[in-house]
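**Student:** Below is a structure I'd like to ask you about.
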Amino acid sequence: MLNVSDLLRTRSCSDRLAIVAGATGEGVTWWEVADQAERWRDSGLEGPVGLALADPVAMAANFVAAISAGVVVAPLDPGSPGPELDARVATLGLRTVILSPGRGPATRHETWHAGRHELRHQRGHRQETPPLPASPDRVAALMASSGTTGRPKIIPLTEDQLLTTAAGVARELGLDAGERGYSPLPLFHINGLVVGVLSALVAGSTIVVDDHFSRRSFWATVQRCGATWLNLVPAIMSILGAPGTAPTRPSGVRLARSASAPLLNSIRERFETATGVSVIETYGMTEAASQITANPVGAPRPGSVGRPVDVDLRVLGDRVQIRGDRVTPVYWSADGGRWTSRPATDADGWLDTGDLGRVDEDGYVYLVGRDGDVINRGGEKIQPREVEEVLLRDDRVTVAVVVGRPHPVVGEEPVAFVLPAAGLPTPPEGLAEDLSRLCQSTLSRFKRPAAVVVAESLPAGPTGKVRRGQIRAMAASASGPSNQI
């Protein structure tokens, strides 16, 4: 069984930087992370502890150090305003919050400050909280689901689940000690932590992290840090693949891994054409400690999210379900000052992902959407992805989202929201008209959007995943004639 402490001990013999800041090139070695773990052990801290550090290197290092020290840790958004941070602390039932040095306390709970090489008490006294629910294996991290479809769920993940998933990522990507990944993804989400940081620990390689994605500095950072692979999401690929924004392929970059949201074929093709970097599409969720499926390097199957990795997967009807040791069996809740636990899987251990899809004869998985995203127009079912793919054929569009809005006769009708490429000379109304004509010439009548809205921005989570619930509310008030009935 993999163990963070043992891995750190093994990796500590190297003086090579292990976690590096993309902005500065400075970082820490695995030995220094192991040293920080000793500070955690000596601190007397008891979990669950919230971790909200603005420095991405410190965030990654202290996440690993806390797990090594046996402290249950809950990654938090360091950019949250005080009230939002307080609300998340309450939701997760945290005893202590770890903040960056110099940041004022934003919670009534006990506060500590941590950096890359420090951990010290700042203010407050530890409050007594109920013990965590019993678990057959030691829980290492409390993660909140993305919350794009409702209130976030608390997902307890064990050290073995996290490291087994990270090992699968390292194996599928072919990572070794000579690899250097670049991951400009938030470190309070499962992707950045497991796919980025923990896979580097397992492989003994280096991960370069940033606190945000910057279109202007992205390729310069990739070149400067000598990245061999990229950990990205579709929203970033869409921006990097837009006309006029991508450079000549940086030397040494062999692949870009995509996860966290559906990757439309149009975005993948545009990114690969513009950059020359091959895309490896994958699929995951927090309940499985991140990765569920992955395409093989060197032989990806376009349109597929790949084959299952260390999990059982089936499609029952059209719903994707998963089972295995890496899949959490429970959700936790800290409501009302006490911890409760409820099943996440059925009696046979299957977790319903909420995704719709199919599996081909070779075991490759194809996703078509989420159950709640399907638009029912008078009995005709519309998968938003199909319409979004058409809209993205126009190079002037970087993001396309199709949702349903209420209709008095047919129940629902599709409405499209698009984000134009930066510096687009075409007026919004002209782009909307062009896209409507494109849909008319390409899609069946019932699938054509009743309105195409060119927006300046769309609500999205930290990884760029659009918040469809909020966009549906926008669609309900969107102007435009209804499709002819």
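Residue names in the structure tokens use chain letters A, B, ... in the order shown, residue numbers from 1 in each chain, and ligand numbers from 1 in the order shown.
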Please report as JSON lines every residue of region 8-55 of chain A lying within 9 Å of region 116-138 of chain A, along with the nearest atom pair and their distance in Å (one decimal), using only C-alpha atoms.
**Tutor:**
{"residue": "A:Gly27", "atom": "CA", "partner": "A:Arg116", "partner_atom": "CA", "distance": 8.4}
{"residue": "A:Val28", "atom": "CA", "partner": "A:Arg116", "partner_atom": "CA", "distance": 7.4}
{"residue": "A:Glu32", "atom": "CA", "partner": "A:His117", "partner_atom": "CA", "distance": 7.5}
{"residue": "A:Val33", "atom": "CA", "partner": "A:Arg116", "partner_atom": "CA", "distance": 8.0}
{"residue": "A:Asp35", "atom": "CA", "partner": "A:His117", "partner_atom": "CA", "distance": 8.0}
{"residue": "A:Gln36", "atom": "CA", "partner": "A:His117", "partner_atom": "CA", "distance": 6.1}
{"residue": "A:Arg39", "atom": "CA", "partner": "A:Leu119", "partner_atom": "CA", "distance": 6.6}
{"residue": "A:Trp40", "atom": "CA", "partner": "A:Leu119", "partner_atom": "CA", "distance": 7.3}
{"residue": "A:Ser43", "atom": "CA", "partner": "A:Leu119", "partner_atom": "CA", "distance": 7.9}
{"residue": "A:Gly47", "atom": "CA", "partner": "A:Leu132", "partner_atom": "CA", "distance": 9.0}
{"residue": "A:Pro48", "atom": "CA", "partner": "A:Leu132", "partner_atom": "CA", "distance": 8.4}
{"residue": "A:Asp55", "atom": "CA", "partner": "A:Arg116", "partner_atom": "CA", "distance": 8.5}
**Student:** Pull C-alpha atoms from the residues just selected and write them as a compact mmCIF listing (two decimals), in the first residue's frame.
**Tutor:**
# COMPACT_ATOMS: atom_id res chain seq x y z
CA GLY A 27 10.21 26.05 -5.24
CA VAL A 28 10.85 23.27 -2.74
CA GLU A 32 11.87 20.22 2.28
CA VAL A 33 8.30 18.90 2.05
CA ASP A 35 10.81 18.63 6.74
CA GLN A 36 7.53 20.56 6.69
CA ARG A 39 6.53 20.61 11.68
CA TRP A 40 2.97 19.34 11.18
CA SER A 43 2.29 21.11 15.97
CA GLY A 47 -8.09 17.44 11.81
CA PRO A 48 -10.07 18.32 10.02
CA ASP A 55 1.25 30.69 -2.56
**Student:** Using DSSP on the backbone, list every residue of region 111-144 of chain A that comes out as strand (DSSP E or B), and give them as a list in words.
**Tutor:** Thr111, Trp112, His113, Ala114, Leu119, Arg120, His121, Gln122, Arg123, Val139, Ala140, Ala141, Leu142, Met143 and Ala144 of chain A
**Student:** Could you please determine the separation between CA of Arg326 (chain A) and CA of Leu255 (chain A) in Å, to one decimal place?
**Tutor:**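 Separation between CA of Arg326 (chain A) and CA of Leu255 (chain A): 25.6 Å.
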**Student:** Skip Leu392 (chain A) itself and residues of its chain fewer than 3 positions away, then list as a PyMOL selection string all residues within 6 Å of it, counting only C-alpha atoms.
**Tutor:** chain A and resi 266+389+397
**Student:** Just the residues within 12 Å of Thr442 (chain A), please, counting only C-alpha atoms, with nothing from its chain fewer than 5 positions along; format it as an mmCIF file with N, CA and C atoms, in the first residue's frame.
**Tutor:**
data_model
loop_
_atom_site.group_PDB
_atom_site.id
_atom_site.type_symbol
_atom_site.label_atom_id
_atom_site.label_comp_id
_atom_site.auth_asym_id
_atom_site.auth_seq_id
_atom_site.Cartn_x
_atom_site.Cartn_y
_atom_site.Cartn_z
ATOM 1 N N GLU A 386 -24.193 18.185 -28.709
ATOM 2 C CA GLU A 386 -24.298 18.129 -30.165
ATOM 3 C C GLU A 386 -24.445 19.530 -30.756
ATOM 4 N N VAL A 387 -25.246 20.372 -30.130
ATOM 5 C CA VAL A 387 -25.455 21.728 -30.626
ATOM 6 C C VAL A 387 -24.213 22.573 -30.374
ATOM 7 N N GLU A 388 -23.579 22.387 -29.223
ATOM 8 C CA GLU A 388 -22.376 23.148 -28.892
ATOM 9 C C GLU A 388 -21.241 22.855 -29.881
ATOM 10 N N GLU A 389 -21.139 21.592 -30.310
ATOM 11 C CA GLU A 389 -20.119 21.235 -31.296
ATOM 12 C C GLU A 389 -20.311 22.020 -32.593
ATOM 13 N N VAL A 390 -21.568 22.204 -33.009
ATOM 14 C CA VAL A 390 -21.852 22.959 -34.231
ATOM 15 C C VAL A 390 -21.451 24.416 -34.068
ATOM 16 N N LEU A 391 -21.806 25.018 -32.957
ATOM 17 C CA LEU A 391 -21.492 26.428 -32.720
ATOM 18 C C LEU A 391 -19.984 26.672 -32.707
ATOM 19 N N ARG A 393 -17.785 25.270 -34.437
ATOM 20 C CA ARG A 393 -17.157 25.190 -35.760
ATOM 21 C C ARG A 393 -16.745 26.570 -36.261
ATOM 22 N N LEU A 435 -24.312 32.460 -36.538
ATOM 23 C CA LEU A 435 -24.428 31.188 -35.834
ATOM 24 C C LEU A 435 -25.826 30.585 -35.985
ATOM 25 N N SER A 436 -26.837 31.426 -36.010
ATOM 26 C CA SER A 436 -28.201 30.930 -36.228
ATOM 27 C C SER A 436 -28.320 30.292 -37.605
ATOM 28 N N ARG A 437 -27.713 30.926 -38.620
ATOM 29 C CA ARG A 437 -27.751 30.360 -39.963
ATOM 30 C C ARG A 437 -26.975 29.038 -40.025
ATOM 31 N N LYS A 447 -33.651 20.907 -32.884
ATOM 32 C CA LYS A 447 -32.404 21.112 -32.149
ATOM 33 C C LYS A 447 -31.862 22.535 -32.261
ATOM 34 N N ARG A 448 -32.413 23.330 -33.181
ATOM 35 C CA ARG A 448 -31.876 24.669 -33.416
ATOM 36 C C ARG A 448 -32.185 25.596 -32.242
ATOM 37 N N PRO A 449 -31.191 26.357 -31.764
ATOM 38 C CA PRO A 449 -31.439 27.278 -30.650
ATOM 39 C C PRO A 449 -32.505 28.312 -30.991
#
**Student:** Mind dumping a table of every region 300-411 of chain A residue within 6 Å of region 289-296 of chain A, with the nearest atom pair and its distance in Å to one decimal, using only C-alpha atoms, sorted by chain and rising number, as a Markdown table?
**Tutor:**
| residue | atom | partner | partner_atom | distance |
| --- | --- | --- | --- | --- |
| A:Pro300 | CA | A:Asn295 | CA | 5.0 |
| A:Val305 | CA | A:Ala294 | CA | 5.9 |
| A:Gly306 | CA | A:Asn295 | CA | 3.9 |
| A:Arg307 | CA | A:Thr293 | CA | 4.9 |
| A:Pro308 | CA | A:Thr293 | CA | 4.1 |
| A:Val309 | CA | A:Thr293 | CA | 5.2 |
**Student:** Looking at A:Ser477, A:Ser444, A:Ser68, A:Gln161, which one is nearest to Arg405 (chain A), with distances taken over only C-alpha atoms?
**Tutor:**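 Looking only at the distances to Arg405 (chain A), the closest residue turns out to be A:Ser477.
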**Student:** Got a sec: who's within 12 Å of Arg268 (chain A), counting only C-alpha atoms, leaving out chain neighbours fewer than 6 positions off, as an MDAnalysis selection string?
**Tutor:** chainID A and resid 232:242 256:259 262 274:281 300:304 389 392:393 398
**Student:** Between CA of Ser80 (chain A) and CA of Ala21 (chain A), what distance in Å does the model show, to one decimal?
**Tutor:** 21.1 Å
**Student:** What is the CA of Leu45 (chain A)-CA of Val194 (chain A) distance in Å, reported with one decimal?
**Tutor:**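 CA of Val194 (chain A) lies 23.2 Å from CA of Leu45 (chain A).
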**Student:** When distances are computed from only C-alpha atoms, which of A:Ala69, A:Leu458, A:Ala166, A:Val466 shows the smallest separation from Asp373 (chain A)?
**Tutor:**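 The shortest atom-to-atom distance to Asp373 (chain A) comes from A:Val466.
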**Student:** Choose the residue, out of A:Met143, A:Ala114, A:Val315, A:Leu85, that has the smallest atom-to-atom separation from Leu367 (chain A); count only C-alpha atoms.
**Tutor:**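 Among the listed residues, the smallest separation from Leu367 (chain A) belongs to A:Val315.
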**Student:** Between A:Gly25, A:Val374, A:Asn191, A:Thr340, which one has atoms that come closest to Tyr283 (chain A), using only C-alpha atoms?
**Tutor:**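 Counting only C-alpha atoms, the residue closest to Tyr283 (chain A) is A:Asn191.
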**Student:** Residues at most 7 Å from His212 (chain A), counting only C-alpha atoms, excluding those fewer than 3 positions away in the same chain, as a PyMOL selection string?
**Tutor:** chain A and resi 184-186
**Student:** Hey, what's within 10 Å of Arg16 (chain A) if we count only C-alpha atoms and toss same-chain stuff fewer than 2 positions away? As number ranges by chain, please?
**Tutor:** A: 11-14, 18-19, 27-31, 205-206
